[in-house]
>>> print(open('model_20.cif').read())   # mmCIF, N, CA and C atoms
data_coords
loop_
_atom_site.label_atom_id
_atom_site.label_comp_id
_atom_site.auth_asym_id
_atom_site.auth_seq_id
_atom_site.Cartn_x
_atom_site.Cartn_y
_atom_site.Cartn_z
N MET A 602 28.65 12.35 -51.46
CA MET A 602 28.70 13.20 -50.29
C MET A 602 27.32 13.35 -49.64
N GLY A 603 26.28 13.39 -50.43
CA GLY A 603 24.94 13.54 -49.91
C GLY A 603 24.56 12.40 -48.99
N ASP A 604 25.04 11.20 -49.29
CA ASP A 604 24.72 10.04 -48.45
C ASP A 604 25.35 10.14 -47.07
N THR A 605 26.52 10.75 -46.96
CA THR A 605 27.21 10.89 -45.68
C THR A 605 26.43 11.80 -44.75
N ARG A 606 25.87 12.88 -45.29
CA ARG A 606 25.08 13.81 -44.46
C ARG A 606 23.80 13.14 -43.96
N VAL A 607 23.15 12.41 -44.82
CA VAL A 607 21.93 11.70 -44.42
C VAL A 607 22.27 10.66 -43.37
N SER A 608 23.36 9.94 -43.56
CA SER A 608 23.80 8.91 -42.62
C SER A 608 24.10 9.52 -41.25
N ARG A 609 24.78 10.66 -41.23
CA ARG A 609 25.09 11.33 -39.96
C ARG A 609 23.81 11.84 -39.28
N ALA A 610 22.91 12.39 -40.06
CA ALA A 610 21.65 12.90 -39.51
C ALA A 610 20.82 11.75 -38.94
N THR A 611 20.80 10.64 -39.63
CA THR A 611 20.06 9.47 -39.17
C THR A 611 20.67 8.93 -37.88
N THR A 612 21.98 8.89 -37.83
CA THR A 612 22.68 8.42 -36.63
C THR A 612 22.38 9.33 -35.45
N ARG A 613 22.43 10.64 -35.66
CA ARG A 613 22.14 11.59 -34.58
C ARG A 613 20.70 11.46 -34.10
N LEU A 614 19.79 11.31 -35.05
CA LEU A 614 18.39 11.14 -34.69
C LEU A 614 18.18 9.85 -33.89
N ALA A 615 18.81 8.78 -34.31
CA ALA A 615 18.70 7.50 -33.61
C ALA A 615 19.27 7.62 -32.20
N LEU A 616 20.39 8.30 -32.04
CA LEU A 616 20.98 8.50 -30.71
C LEU A 616 20.07 9.34 -29.82
N ALA A 617 19.49 10.39 -30.39
CA ALA A 617 18.60 11.26 -29.61
C ALA A 617 17.36 10.48 -29.15
N VAL A 618 16.78 9.71 -30.05
CA VAL A 618 15.59 8.91 -29.69
C VAL A 618 15.95 7.87 -28.64
N SER A 619 17.10 7.22 -28.80
CA SER A 619 17.55 6.22 -27.82
C SER A 619 17.75 6.86 -26.45
N GLY A 620 18.34 8.04 -26.42
CA GLY A 620 18.55 8.75 -25.16
C GLY A 620 17.24 9.10 -24.48
N LEU A 621 16.26 9.55 -25.27
CA LEU A 621 14.95 9.88 -24.70
C LEU A 621 14.25 8.63 -24.17
N LEU A 622 14.35 7.53 -24.88
CA LEU A 622 13.75 6.28 -24.42
C LEU A 622 14.41 5.82 -23.11
N LEU A 623 15.71 5.94 -23.02
CA LEU A 623 16.42 5.57 -21.81
C LEU A 623 15.96 6.42 -20.63
N LEU A 624 15.82 7.73 -20.85
CA LEU A 624 15.34 8.62 -19.79
C LEU A 624 13.92 8.25 -19.36
N ALA A 625 13.07 7.90 -20.32
CA ALA A 625 11.69 7.51 -20.01
C ALA A 625 11.66 6.23 -19.18
N VAL A 626 12.50 5.28 -19.51
CA VAL A 626 12.57 4.03 -18.74
C VAL A 626 13.05 4.31 -17.32
N ILE A 627 14.07 5.11 -17.17
CA ILE A 627 14.59 5.45 -15.84
C ILE A 627 13.52 6.16 -15.02
N ALA A 628 12.82 7.11 -15.63
CA ALA A 628 11.75 7.83 -14.92
C ALA A 628 10.65 6.87 -14.49
N GLY A 629 10.29 5.93 -15.36
CA GLY A 629 9.26 4.95 -15.02
C GLY A 629 9.67 4.07 -13.85
N ILE A 630 10.92 3.64 -13.85
CA ILE A 630 11.41 2.80 -12.75
C ILE A 630 11.41 3.57 -11.44
N LEU A 631 11.87 4.80 -11.47
CA LEU A 631 11.90 5.62 -10.25
C LEU A 631 10.49 5.89 -9.73
N ALA A 632 9.56 6.16 -10.63
CA ALA A 632 8.19 6.45 -10.22
C ALA A 632 7.52 5.22 -9.62
N SER A 633 7.81 4.04 -10.14
CA SER A 633 7.15 2.84 -9.65
C SER A 633 7.76 2.31 -8.36
N THR A 634 8.98 2.71 -8.03
CA THR A 634 9.61 2.20 -6.81
C THR A 634 9.56 3.15 -5.64
N ARG A 635 9.12 4.36 -5.84
CA ARG A 635 9.08 5.30 -4.73
C ARG A 635 7.86 5.03 -3.86
N THR A 636 7.98 5.31 -2.60
CA THR A 636 6.88 5.14 -1.66
C THR A 636 6.17 6.49 -1.53
N PRO A 637 4.88 6.52 -1.87
CA PRO A 637 4.19 7.80 -1.75
C PRO A 637 4.11 8.22 -0.29
N SER A 638 4.25 9.49 -0.05
CA SER A 638 4.19 9.97 1.33
C SER A 638 2.77 10.40 1.66
N THR A 639 2.43 10.23 2.91
CA THR A 639 1.13 10.67 3.40
C THR A 639 1.39 11.62 4.55
N PRO A 640 0.48 12.55 4.80
CA PRO A 640 0.70 13.50 5.88
C PRO A 640 0.87 12.79 7.23
N GLU A 641 1.92 13.15 7.94
CA GLU A 641 2.19 12.55 9.24
C GLU A 641 1.01 12.76 10.17
N GLY A 642 0.64 11.72 10.89
CA GLY A 642 -0.47 11.82 11.84
C GLY A 642 -1.84 11.67 11.21
N SER A 643 -1.90 11.38 9.91
CA SER A 643 -3.18 11.25 9.22
C SER A 643 -3.66 9.80 9.26
N PRO A 644 -4.96 9.58 9.01
CA PRO A 644 -5.44 8.21 8.92
C PRO A 644 -4.70 7.40 7.83
N GLU A 645 -4.39 8.07 6.73
CA GLU A 645 -3.68 7.40 5.64
C GLU A 645 -2.29 6.94 6.08
N ALA A 646 -1.61 7.78 6.89
CA ALA A 646 -0.28 7.40 7.38
C ALA A 646 -0.37 6.21 8.33
N THR A 647 -1.42 6.15 9.12
CA THR A 647 -1.62 5.00 10.02
C THR A 647 -1.82 3.73 9.20
N VAL A 648 -2.65 3.81 8.17
CA VAL A 648 -2.89 2.64 7.32
C VAL A 648 -1.61 2.24 6.58
N GLN A 649 -0.85 3.23 6.14
CA GLN A 649 0.41 2.94 5.45
C GLN A 649 1.39 2.22 6.40
N ALA A 650 1.50 2.70 7.64
CA ALA A 650 2.38 2.06 8.61
C ALA A 650 1.89 0.64 8.92
N TYR A 651 0.59 0.47 9.00
CA TYR A 651 -0.01 -0.84 9.25
C TYR A 651 0.32 -1.81 8.11
N ALA A 652 0.14 -1.35 6.88
CA ALA A 652 0.42 -2.21 5.71
C ALA A 652 1.90 -2.59 5.66
N ARG A 653 2.77 -1.62 5.92
CA ARG A 653 4.21 -1.93 5.94
C ARG A 653 4.52 -2.99 7.00
N ALA A 654 3.92 -2.87 8.17
CA ALA A 654 4.15 -3.83 9.24
C ALA A 654 3.62 -5.22 8.87
N ILE A 655 2.46 -5.26 8.21
CA ILE A 655 1.89 -6.54 7.76
C ILE A 655 2.87 -7.23 6.82
N PHE A 656 3.35 -6.50 5.80
CA PHE A 656 4.23 -7.11 4.80
C PHE A 656 5.61 -7.45 5.39
N ALA A 657 5.99 -6.79 6.47
CA ALA A 657 7.26 -7.09 7.12
C ALA A 657 7.11 -8.18 8.19
N ASN A 658 5.86 -8.65 8.40
CA ASN A 658 5.57 -9.64 9.45
C ASN A 658 6.04 -9.14 10.82
N ASP A 659 5.86 -7.85 11.06
CA ASP A 659 6.26 -7.23 12.32
C ASP A 659 5.01 -7.06 13.19
N ASN A 660 4.67 -8.12 13.94
CA ASN A 660 3.44 -8.11 14.72
C ASN A 660 3.40 -7.01 15.77
N GLU A 661 4.54 -6.65 16.34
CA GLU A 661 4.58 -5.56 17.31
C GLU A 661 4.11 -4.26 16.65
N ALA A 662 4.63 -3.99 15.45
CA ALA A 662 4.26 -2.77 14.72
C ALA A 662 2.81 -2.83 14.24
N VAL A 663 2.33 -4.03 13.90
CA VAL A 663 0.93 -4.18 13.49
C VAL A 663 0.03 -3.78 14.65
N VAL A 664 0.26 -4.39 15.80
CA VAL A 664 -0.58 -4.12 16.98
C VAL A 664 -0.47 -2.66 17.41
N ALA A 665 0.67 -2.04 17.21
CA ALA A 665 0.84 -0.62 17.59
C ALA A 665 -0.08 0.30 16.81
N GLN A 666 -0.54 -0.13 15.63
CA GLN A 666 -1.44 0.69 14.82
C GLN A 666 -2.91 0.45 15.16
N LEU A 667 -3.17 -0.56 15.98
CA LEU A 667 -4.55 -0.93 16.31
C LEU A 667 -5.03 -0.21 17.56
N SER A 668 -6.34 -0.15 17.70
CA SER A 668 -6.96 0.48 18.87
C SER A 668 -6.47 -0.18 20.15
N PRO A 669 -6.28 0.62 21.21
CA PRO A 669 -5.89 0.03 22.49
C PRO A 669 -6.99 -0.88 23.05
N ASP A 670 -8.19 -0.80 22.50
CA ASP A 670 -9.30 -1.64 22.96
C ASP A 670 -9.32 -3.02 22.28
N THR A 671 -8.33 -3.32 21.49
CA THR A 671 -8.31 -4.61 20.82
C THR A 671 -7.69 -5.66 21.71
N GLU A 672 -8.04 -6.90 21.48
CA GLU A 672 -7.43 -8.00 22.21
C GLU A 672 -6.29 -8.62 21.41
N CYS A 673 -5.87 -7.95 20.34
CA CYS A 673 -4.77 -8.47 19.53
C CYS A 673 -3.50 -8.52 20.36
N ASN A 674 -2.78 -9.58 20.19
CA ASN A 674 -1.53 -9.80 20.90
C ASN A 674 -0.46 -10.14 19.87
N PRO A 675 0.68 -9.47 19.88
CA PRO A 675 1.72 -9.76 18.89
C PRO A 675 2.15 -11.22 18.87
N ASP A 676 2.03 -11.91 20.00
CA ASP A 676 2.47 -13.30 20.07
C ASP A 676 1.48 -14.28 19.45
N THR A 677 0.22 -13.89 19.37
CA THR A 677 -0.79 -14.82 18.85
C THR A 677 -1.41 -14.36 17.54
N LEU A 678 -1.02 -13.20 17.07
CA LEU A 678 -1.58 -12.64 15.85
C LEU A 678 -1.17 -13.47 14.64
N THR A 679 -2.15 -13.86 13.82
CA THR A 679 -1.86 -14.62 12.60
C THR A 679 -2.59 -14.01 11.42
N TYR A 680 -1.93 -14.02 10.28
CA TYR A 680 -2.50 -13.52 9.04
C TYR A 680 -1.58 -14.00 7.92
N TRP A 681 -2.05 -13.89 6.71
CA TRP A 681 -1.23 -14.27 5.57
C TRP A 681 -1.43 -13.24 4.47
N VAL A 682 -0.33 -12.81 3.86
CA VAL A 682 -0.38 -11.95 2.68
C VAL A 682 0.63 -12.46 1.67
N ASP A 683 0.30 -12.27 0.41
CA ASP A 683 1.21 -12.64 -0.66
C ASP A 683 2.27 -11.54 -0.76
N SER A 684 3.51 -11.90 -0.64
CA SER A 684 4.59 -10.90 -0.65
C SER A 684 4.67 -10.15 -1.97
N ARG A 685 4.04 -10.67 -3.02
CA ARG A 685 4.04 -9.98 -4.31
C ARG A 685 2.92 -8.96 -4.42
N SER A 686 2.03 -8.92 -3.45
CA SER A 686 0.91 -7.97 -3.46
C SER A 686 1.40 -6.59 -3.08
N ARG A 687 0.56 -5.60 -3.40
CA ARG A 687 0.83 -4.24 -2.97
C ARG A 687 -0.48 -3.60 -2.57
N VAL A 688 -0.40 -2.58 -1.73
CA VAL A 688 -1.59 -1.89 -1.24
C VAL A 688 -1.64 -0.51 -1.88
N VAL A 689 -2.80 -0.18 -2.43
CA VAL A 689 -3.00 1.10 -3.09
C VAL A 689 -4.09 1.87 -2.36
N LEU A 690 -3.80 3.10 -1.96
CA LEU A 690 -4.78 3.97 -1.32
C LEU A 690 -5.78 4.43 -2.38
N ARG A 691 -7.05 4.24 -2.12
CA ARG A 691 -8.10 4.65 -3.08
C ARG A 691 -8.86 5.89 -2.62
N ASP A 692 -9.17 5.98 -1.33
CA ASP A 692 -9.97 7.11 -0.85
C ASP A 692 -9.89 7.17 0.67
N SER A 693 -10.16 8.32 1.22
CA SER A 693 -10.25 8.43 2.68
C SER A 693 -11.25 9.52 3.03
N ARG A 694 -11.92 9.30 4.16
CA ARG A 694 -12.92 10.24 4.64
C ARG A 694 -12.78 10.38 6.15
N ILE A 695 -12.85 11.60 6.63
CA ILE A 695 -12.81 11.86 8.07
C ILE A 695 -14.13 12.51 8.46
N THR A 696 -14.75 11.95 9.50
CA THR A 696 -15.97 12.51 10.06
C THR A 696 -15.75 12.64 11.56
N GLY A 697 -15.40 13.83 11.98
CA GLY A 697 -15.13 14.05 13.40
C GLY A 697 -13.95 13.23 13.88
N GLU A 698 -14.20 12.35 14.83
CA GLU A 698 -13.14 11.52 15.42
C GLU A 698 -13.01 10.16 14.75
N TYR A 699 -13.71 9.98 13.63
CA TYR A 699 -13.68 8.70 12.92
C TYR A 699 -13.23 8.90 11.48
N ALA A 700 -12.62 7.87 10.94
CA ALA A 700 -12.16 7.94 9.54
C ALA A 700 -12.32 6.57 8.90
N ARG A 701 -12.43 6.60 7.58
CA ARG A 701 -12.46 5.37 6.78
C ARG A 701 -11.46 5.55 5.66
N VAL A 702 -10.61 4.57 5.48
CA VAL A 702 -9.62 4.60 4.41
C VAL A 702 -9.87 3.39 3.52
N ASP A 703 -10.16 3.68 2.26
CA ASP A 703 -10.38 2.61 1.28
C ASP A 703 -9.07 2.28 0.61
N ILE A 704 -8.74 0.99 0.59
CA ILE A 704 -7.52 0.52 -0.04
C ILE A 704 -7.86 -0.57 -1.04
N GLU A 705 -6.92 -0.85 -1.91
CA GLU A 705 -7.05 -1.99 -2.81
C GLU A 705 -5.79 -2.82 -2.68
N ILE A 706 -5.98 -4.11 -2.43
CA ILE A 706 -4.85 -5.02 -2.37
C ILE A 706 -4.72 -5.60 -3.78
N VAL A 707 -3.63 -5.26 -4.45
CA VAL A 707 -3.42 -5.69 -5.83
C VAL A 707 -2.55 -6.94 -5.78
N ASN A 708 -3.13 -8.05 -6.25
CA ASN A 708 -2.44 -9.34 -6.24
C ASN A 708 -1.99 -9.68 -7.64
N GLN A 709 -0.83 -10.27 -7.74
CA GLN A 709 -0.31 -10.71 -9.03
C GLN A 709 -0.81 -12.12 -9.28
N ASP A 710 -1.65 -12.29 -10.30
CA ASP A 710 -2.18 -13.61 -10.65
C ASP A 710 -1.09 -14.40 -11.38
N THR A 711 -0.93 -15.63 -11.00
CA THR A 711 0.08 -16.46 -11.64
C THR A 711 -0.60 -17.56 -12.45
N GLY A 712 -1.63 -17.19 -13.18
CA GLY A 712 -2.34 -18.15 -14.01
C GLY A 712 -1.47 -18.69 -15.14
N MET A 713 -1.95 -19.74 -15.77
CA MET A 713 -1.18 -20.41 -16.80
C MET A 713 -1.04 -19.58 -18.07
N ILE A 714 -1.98 -18.72 -18.35
CA ILE A 714 -1.95 -17.97 -19.61
C ILE A 714 -1.30 -16.61 -19.44
N GLY A 715 -0.66 -16.36 -18.43
CA GLY A 715 -0.03 -15.06 -18.26
C GLY A 715 -0.28 -14.54 -16.88
N SER A 716 0.11 -13.33 -16.71
CA SER A 716 0.05 -12.75 -15.39
C SER A 716 -0.75 -11.46 -15.46
N ALA A 717 -1.88 -11.43 -14.79
CA ALA A 717 -2.71 -10.23 -14.77
C ALA A 717 -3.03 -9.87 -13.33
N PRO A 718 -2.83 -8.62 -12.95
CA PRO A 718 -3.12 -8.25 -11.57
C PRO A 718 -4.62 -8.26 -11.29
N SER A 719 -4.98 -8.62 -10.07
CA SER A 719 -6.38 -8.55 -9.65
C SER A 719 -6.42 -7.80 -8.33
N GLY A 720 -7.52 -7.15 -8.08
CA GLY A 720 -7.61 -6.33 -6.88
C GLY A 720 -8.73 -6.72 -5.97
N ASP A 721 -8.53 -6.45 -4.69
CA ASP A 721 -9.52 -6.71 -3.67
C ASP A 721 -9.64 -5.44 -2.84
N ARG A 722 -10.80 -4.80 -2.89
CA ARG A 722 -10.98 -3.54 -2.15
C ARG A 722 -11.39 -3.83 -0.71
N GLN A 723 -10.81 -3.05 0.18
CA GLN A 723 -11.09 -3.17 1.61
C GLN A 723 -11.25 -1.77 2.19
N THR A 724 -12.00 -1.68 3.28
CA THR A 724 -12.14 -0.41 4.00
C THR A 724 -11.58 -0.60 5.40
N ILE A 725 -10.70 0.29 5.79
CA ILE A 725 -10.10 0.27 7.13
C ILE A 725 -10.76 1.39 7.94
N ASP A 726 -11.35 1.03 9.07
CA ASP A 726 -11.98 2.01 9.96
C ASP A 726 -10.98 2.45 11.01
N LEU A 727 -10.99 3.75 11.31
CA LEU A 727 -10.07 4.31 12.30
C LEU A 727 -10.82 5.22 13.24
N GLU A 728 -10.23 5.44 14.40
CA GLU A 728 -10.77 6.35 15.40
C GLU A 728 -9.60 7.13 15.98
N ARG A 729 -9.84 8.41 16.28
CA ARG A 729 -8.80 9.22 16.92
C ARG A 729 -8.89 8.98 18.43
N VAL A 730 -7.80 8.42 18.99
CA VAL A 730 -7.72 8.12 20.42
C VAL A 730 -6.47 8.81 20.97
N ASP A 731 -6.67 9.64 21.96
CA ASP A 731 -5.56 10.37 22.58
C ASP A 731 -4.71 11.10 21.54
N GLY A 732 -5.39 11.70 20.57
CA GLY A 732 -4.70 12.53 19.59
C GLY A 732 -4.05 11.80 18.42
N ARG A 733 -4.20 10.47 18.33
CA ARG A 733 -3.63 9.75 17.20
C ARG A 733 -4.66 8.80 16.60
N TRP A 734 -4.52 8.52 15.31
CA TRP A 734 -5.43 7.64 14.61
C TRP A 734 -5.03 6.20 14.85
N VAL A 735 -6.01 5.37 15.22
CA VAL A 735 -5.78 3.93 15.42
C VAL A 735 -6.84 3.16 14.63
N ILE A 736 -6.48 1.97 14.23
CA ILE A 736 -7.36 1.12 13.43
C ILE A 736 -8.27 0.35 14.37
N THR A 737 -9.56 0.32 14.03
CA THR A 737 -10.55 -0.38 14.85
C THR A 737 -11.07 -1.60 14.11
N GLY A 738 -11.78 -2.43 14.82
CA GLY A 738 -12.39 -3.60 14.21
C GLY A 738 -11.38 -4.68 13.88
N GLU A 739 -11.69 -5.45 12.86
CA GLU A 739 -10.83 -6.55 12.40
C GLU A 739 -10.45 -6.28 10.96
N PRO A 740 -9.43 -5.48 10.75
CA PRO A 740 -9.09 -5.04 9.39
C PRO A 740 -8.37 -6.12 8.58
N TRP A 741 -8.38 -5.92 7.27
CA TRP A 741 -7.59 -6.77 6.39
C TRP A 741 -6.17 -6.82 6.91
N PRO A 742 -5.49 -7.89 6.86
CA PRO A 742 -5.88 -9.28 6.59
C PRO A 742 -6.09 -10.07 7.88
N ILE A 743 -6.30 -9.37 8.99
CA ILE A 743 -6.40 -10.06 10.28
C ILE A 743 -7.73 -10.80 10.39
N TYR A 744 -8.82 -10.12 10.13
CA TYR A 744 -10.15 -10.68 10.31
C TYR A 744 -10.27 -11.35 11.66
N TYR A 745 -10.82 -12.34 11.90
CA TYR A 745 -11.26 -12.89 13.17
C TYR A 745 -10.17 -13.25 14.17
N ASN A 746 -9.01 -12.63 14.11
CA ASN A 746 -7.94 -12.94 15.06
C ASN A 746 -8.00 -12.06 16.30
N CYS A 747 -8.70 -10.96 16.25
CA CYS A 747 -8.78 -10.05 17.37
C CYS A 747 -10.23 -9.65 17.58
N GLU A 748 -10.56 -9.36 18.80
CA GLU A 748 -11.90 -8.89 19.07
C GLU A 748 -11.81 -7.60 19.87
N GLN A 749 -12.70 -6.70 19.59
CA GLN A 749 -12.74 -5.44 20.31
C GLN A 749 -13.28 -5.68 21.73
N VAL A 750 -12.69 -5.03 22.67
CA VAL A 750 -13.18 -5.09 24.05
C VAL A 750 -14.31 -4.09 24.18
N ASN A 751 -15.39 -4.48 24.79
CA ASN A 751 -16.49 -3.54 24.99
C ASN A 751 -16.11 -2.57 26.10
N ARG A 752 -16.31 -1.29 25.83
CA ARG A 752 -15.98 -0.26 26.83
C ARG A 752 -17.03 -0.17 27.88
#
>>> encode(input="model_20.cif", output="structure tokens")
Amino acid sequence: MGDTRVSRATTRLALAVSGLLLLAVIAGILASTRTPSTPEGSPEATVQAYARAIFANDNEAVVAQLSPDTECNPDTLTYWVDSRSRVVLRDSRITGEYARVDIEIVNQDTGMIGSAPSGDRQTIDLERVDGRWVITGEPWPIYYNCEQVNR
């Protein structure tokens, strides 16, 4: 009879541990797939919208996040990003009408010995124009495709 009680207790313990592990896995999946929110109208939200447009290859939406003083044109804009990459917000600073948002582009390395992520840090410069934040200069991953018009 003593063995039956131990067996039942062991089974219950195993079920409880399995249930907790399942909940931990589900929580991990939900946490990794959610899109973090940024305050609407903030420099971070502008960069987030820009990154989403880049990964969606939506040139109209990309250009909409850029300064009106840019010569970027949705029809001629070219860039390349690895669809397996992701953008991580690292820091942001606002000084008056200007802001800088530091991001890291995390790339999945497909080397022969395994897969290890690597990161590339970039800074996106923004300016408040007519009450909204717009990206200035030649930000990642556009670089030399657009030039600022001199005012």
>>> residues_around(input="model_20.cif", residues="A:Ala700", least_positions_apart="3", cutoff="12 Å", atoms="only C-alpha atoms", output="PyMOL selection string")
chain A and resi 643-645+647-648+692-697+703+724-730+733-737
>>> resolve_selection(input="model_20.cif", expression="the PyMOL selection byres ((chain A and resi 707) around 6.5)", output="list in words")
Arg685, Ser686, Arg687, Val688, Val689, Glu705, Ile706, Asn708, Gln709, Pro718, Ser719, Gly720 and Asp721 of chain A
>>> write_last_selection(input="model_20.cif", atoms="N, CA and C atoms", output="CSV table (one decimal), keeping the file's coordinate frame")
chain,number,residue,atom,x,y,z
A,685,ARG,N,4.0,-10.7,-3.0
A,685,ARG,CA,4.0,-10.0,-4.3
A,685,ARG,C,2.9,-9.0,-4.4
A,686,SER,N,2.0,-8.9,-3.4
A,686,SER,CA,0.9,-8.0,-3.5
A,686,SER,C,1.4,-6.6,-3.1
A,687,ARG,N,0.6,-5.6,-3.4
A,687,ARG,CA,0.8,-4.2,-3.0
A,687,ARG,C,-0.5,-3.6,-2.6
A,688,VAL,N,-0.4,-2.6,-1.7
A,688,VAL,CA,-1.6,-1.9,-1.2
A,688,VAL,C,-1.6,-0.5,-1.9
A,689,VAL,N,-2.8,-0.2,-2.4
A,689,VAL,CA,-3.0,1.1,-3.1
A,689,VAL,C,-4.1,1.9,-2.4
A,705,GLU,N,-6.9,-0.8,-1.9
A,705,GLU,CA,-7.0,-2.0,-2.8
A,705,GLU,C,-5.8,-2.8,-2.7
A,706,ILE,N,-6.0,-4.1,-2.4
A,706,ILE,CA,-4.8,-5.0,-2.4
A,706,ILE,C,-4.7,-5.6,-3.8
A,708,ASN,N,-3.1,-8.0,-6.2
A,708,ASN,CA,-2.4,-9.3,-6.2
A,708,ASN,C,-2.0,-9.7,-7.6
A,709,GLN,N,-0.8,-10.3,-7.7
A,709,GLN,CA,-0.3,-10.7,-9.0
A,709,GLN,C,-0.8,-12.1,-9.3
A,718,PRO,N,-2.8,-8.6,-13.0
A,718,PRO,CA,-3.1,-8.2,-11.6
A,718,PRO,C,-4.6,-8.3,-11.3
A,719,SER,N,-5.0,-8.6,-10.1
A,719,SER,CA,-6.4,-8.6,-9.6
A,719,SER,C,-6.4,-7.8,-8.3
A,720,GLY,N,-7.5,-7.2,-8.1
A,720,GLY,CA,-7.6,-6.3,-6.9
A,720,GLY,C,-8.7,-6.7,-6.0
A,721,ASP,N,-8.5,-6.4,-4.7
A,721,ASP,CA,-9.5,-6.7,-3.7
A,721,ASP,C,-9.6,-5.4,-2.8
>>> atom_distance(input="model_20.cif", atom1="atom CA of A:Ala657", atom2="atom CA of A:Arg722")
20.8 Å
>>> atom_distance(input="model_20.cif", atom1="atom CA of A:Ile704", atom2="atom CA of A:Asn658")
19.1 Å
>>> atom_distance(input="model_20.cif", atom1="atom N of A:Tyr651", atom2="atom C of A:Asp676")
18.1 Å
>>> resolve_selection(input="model_20.cif", expression="the PyMOL selection byres ((chain A and resi 663-670) around 7)", output="list of chain:residue names")
A:Thr647, A:Ala650, A:Tyr651, A:Ala654, A:Ile655, A:Asp659, A:Asn660, A:Glu661, A:Ala662, A:Thr671, A:Glu672, A:Cys673, A:Asn674, A:Pro675, A:Trp734, A:Val735, A:Ile736, A:Thr737, A:Gly738, A:Glu748, A:Gln749, A:Val750, A:Asn751
>>> write_last_selection(input="model_20.cif", atoms="N, CA and C atoms", output="short mmCIF file (atom, residue, chain, number, x, y, z; two decimals), in the frame of the given file")
data_model
loop_
_atom_site.label_atom_id
_atom_site.label_comp_id
_atom_site.auth_asym_id
_atom_site.auth_seq_id
_atom_site.Cartn_x
_atom_site.Cartn_y
_atom_site.Cartn_z
N THR A 647 -1.42 6.15 9.12
CA THR A 647 -1.62 5.00 10.02
C THR A 647 -1.82 3.73 9.20
N ALA A 650 1.50 2.70 7.64
CA ALA A 650 2.38 2.06 8.61
C ALA A 650 1.89 0.64 8.92
N TYR A 651 0.59 0.47 9.00
CA TYR A 651 -0.01 -0.84 9.25
C TYR A 651 0.32 -1.81 8.11
N ALA A 654 3.92 -2.87 8.17
CA ALA A 654 4.15 -3.83 9.24
C ALA A 654 3.62 -5.22 8.87
N ILE A 655 2.46 -5.26 8.21
CA ILE A 655 1.89 -6.54 7.76
C ILE A 655 2.87 -7.23 6.82
N ASP A 659 5.86 -7.85 11.06
CA ASP A 659 6.26 -7.23 12.32
C ASP A 659 5.01 -7.06 13.19
N ASN A 660 4.67 -8.12 13.94
CA ASN A 660 3.44 -8.11 14.72
C ASN A 660 3.40 -7.01 15.77
N GLU A 661 4.54 -6.65 16.34
CA GLU A 661 4.58 -5.56 17.31
C GLU A 661 4.11 -4.26 16.65
N ALA A 662 4.63 -3.99 15.45
CA ALA A 662 4.26 -2.77 14.72
C ALA A 662 2.81 -2.83 14.24
N THR A 671 -8.33 -3.32 21.49
CA THR A 671 -8.31 -4.61 20.82
C THR A 671 -7.69 -5.66 21.71
N GLU A 672 -8.04 -6.90 21.48
CA GLU A 672 -7.43 -8.00 22.21
C GLU A 672 -6.29 -8.62 21.41
N CYS A 673 -5.87 -7.95 20.34
CA CYS A 673 -4.77 -8.47 19.53
C CYS A 673 -3.50 -8.52 20.36
N ASN A 674 -2.78 -9.58 20.19
CA ASN A 674 -1.53 -9.80 20.90
C ASN A 674 -0.46 -10.14 19.87
N PRO A 675 0.68 -9.47 19.88
CA PRO A 675 1.72 -9.76 18.89
C PRO A 675 2.15 -11.22 18.87
N TRP A 734 -4.52 8.52 15.31
CA TRP A 734 -5.43 7.64 14.61
C TRP A 734 -5.03 6.20 14.85
N VAL A 735 -6.01 5.37 15.22
CA VAL A 735 -5.78 3.93 15.42
C VAL A 735 -6.84 3.16 14.63
N ILE A 736 -6.48 1.97 14.23
CA ILE A 736 -7.36 1.12 13.43
C ILE A 736 -8.27 0.35 14.37
N THR A 737 -9.56 0.32 14.03
CA THR A 737 -10.55 -0.38 14.85
C THR A 737 -11.07 -1.60 14.11
N GLY A 738 -11.78 -2.43 14.82
CA GLY A 738 -12.39 -3.60 14.21
C GLY A 738 -11.38 -4.68 13.88
N GLU A 748 -10.56 -9.36 18.80
CA GLU A 748 -11.90 -8.89 19.07
C GLU A 748 -11.81 -7.60 19.87
N GLN A 749 -12.70 -6.70 19.59
CA GLN A 749 -12.74 -5.44 20.31
C GLN A 749 -13.28 -5.68 21.73
N VAL A 750 -12.69 -5.03 22.67
CA VAL A 750 -13.18 -5.09 24.05
C VAL A 750 -14.31 -4.09 24.18
N ASN A 751 -15.39 -4.48 24.79
CA ASN A 751 -16.49 -3.54 24.99
C ASN A 751 -16.11 -2.57 26.10
#
>>> select_by_dssp(input="model_20.cif", residues="stretch 676-711 of chain A", states="strand (DSSP E or B)", output="list in words")
Arg687, Val688, Val689, Leu690, Arg691, Asp692, Ser693, Arg694, Ile695, Thr696, Tyr699, Ala700, Arg701, Val702, Asp703, Ile704, Glu705, Ile706, Val707, Asn708 and Gln709 of chain A
>>> axis_aligned_box(input="model_20.cif", around="stretch 695-698 of chain A", padding_each_side="6 Å", output="lines of an AutoDock Vina configuration file")
center_x = -14.4
center_y = 12.1
center_z = 11.0
size_x = 15.2
size_y = 15.9
size_z = 20.8
>>> closest_residue(input="model_20.cif", among="A:Cys747, A:Leu616, A:Leu690, A:Ala610", to="A:Leu678", atoms="only C-alpha atoms")
A:Cys747
